[in-house]
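To keep things clear, I will list the structure first and then write my remarks on it.
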Amino acid sequence: MITSPAHAIELLGGSRAVAGRISRPLTTVSSWASRQSIPVDVWALLIEFACEKGVDGFDYETLTRAHAGA
């Protein structure tokens with residue numbers, strides 16, 4: 001279960017792995033983890049990446065909960 005936006009990034013291999021996979025600067029992805037907020041427009045890419053990596057429970061619902069702090 002994803003507990004926070006930073007945890008979501010960690011589950012995908014960290015900021016460097018995410019940045020490389022979705023073609024965003026490392027500093028951008030690192031700032032998402034620091035701010036505890038991932039832009040909604042990249043959620044589909046992250047879900048796709050999670051599926052490729054075999055990360056269970058990584059979907060829109062869990063990302064929404066993580067952002068809400070639930």
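Naming scheme: A, B, ... for chains in displayed order of the structure tokens; residues 1 onward per chain; ligands 1 onward as shown.
The environment of Ala33 in chain A within 10 Å, counting only C-alpha atoms and disregarding residues fewer than 6 places along the same chain, consists of Ser4, Pro5, Ala6, His7, Ala8, Ile9, Glu10, Gly14 and Ser15 of chain A.
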Please extract the residues of chain A with a backbone DSSP assignment of helix (DSSP H, G or I) and present them as a PyMOL selection string.
chain A and resi 5-11+15-22+26-35+40-53+60-68
What's the 12 Å shell around range 44-57 of chain A, counting only C-alpha atoms, without same-chain residues fewer than 6 positions away, as JSON, numbers by chain?
{"A": [1, 2, 3, 5, 8, 9, 10, 11, 12, 13, 14, 15, 17, 18, 19, 20, 21, 22, 23, 24, 29, 38, 63, 65, 66]}
Report, in Å with one decimal, the straight-line distance from CA of Gly69 in chain A to CA of Trp43 in chain A.
16.6 Å
Counting only C-alpha atoms, figure out which residue out of A:Tyr60, A:Arg16, A:Ala68, A:Thr27 gets nearest to Asp41 in chain A.
A:Tyr60
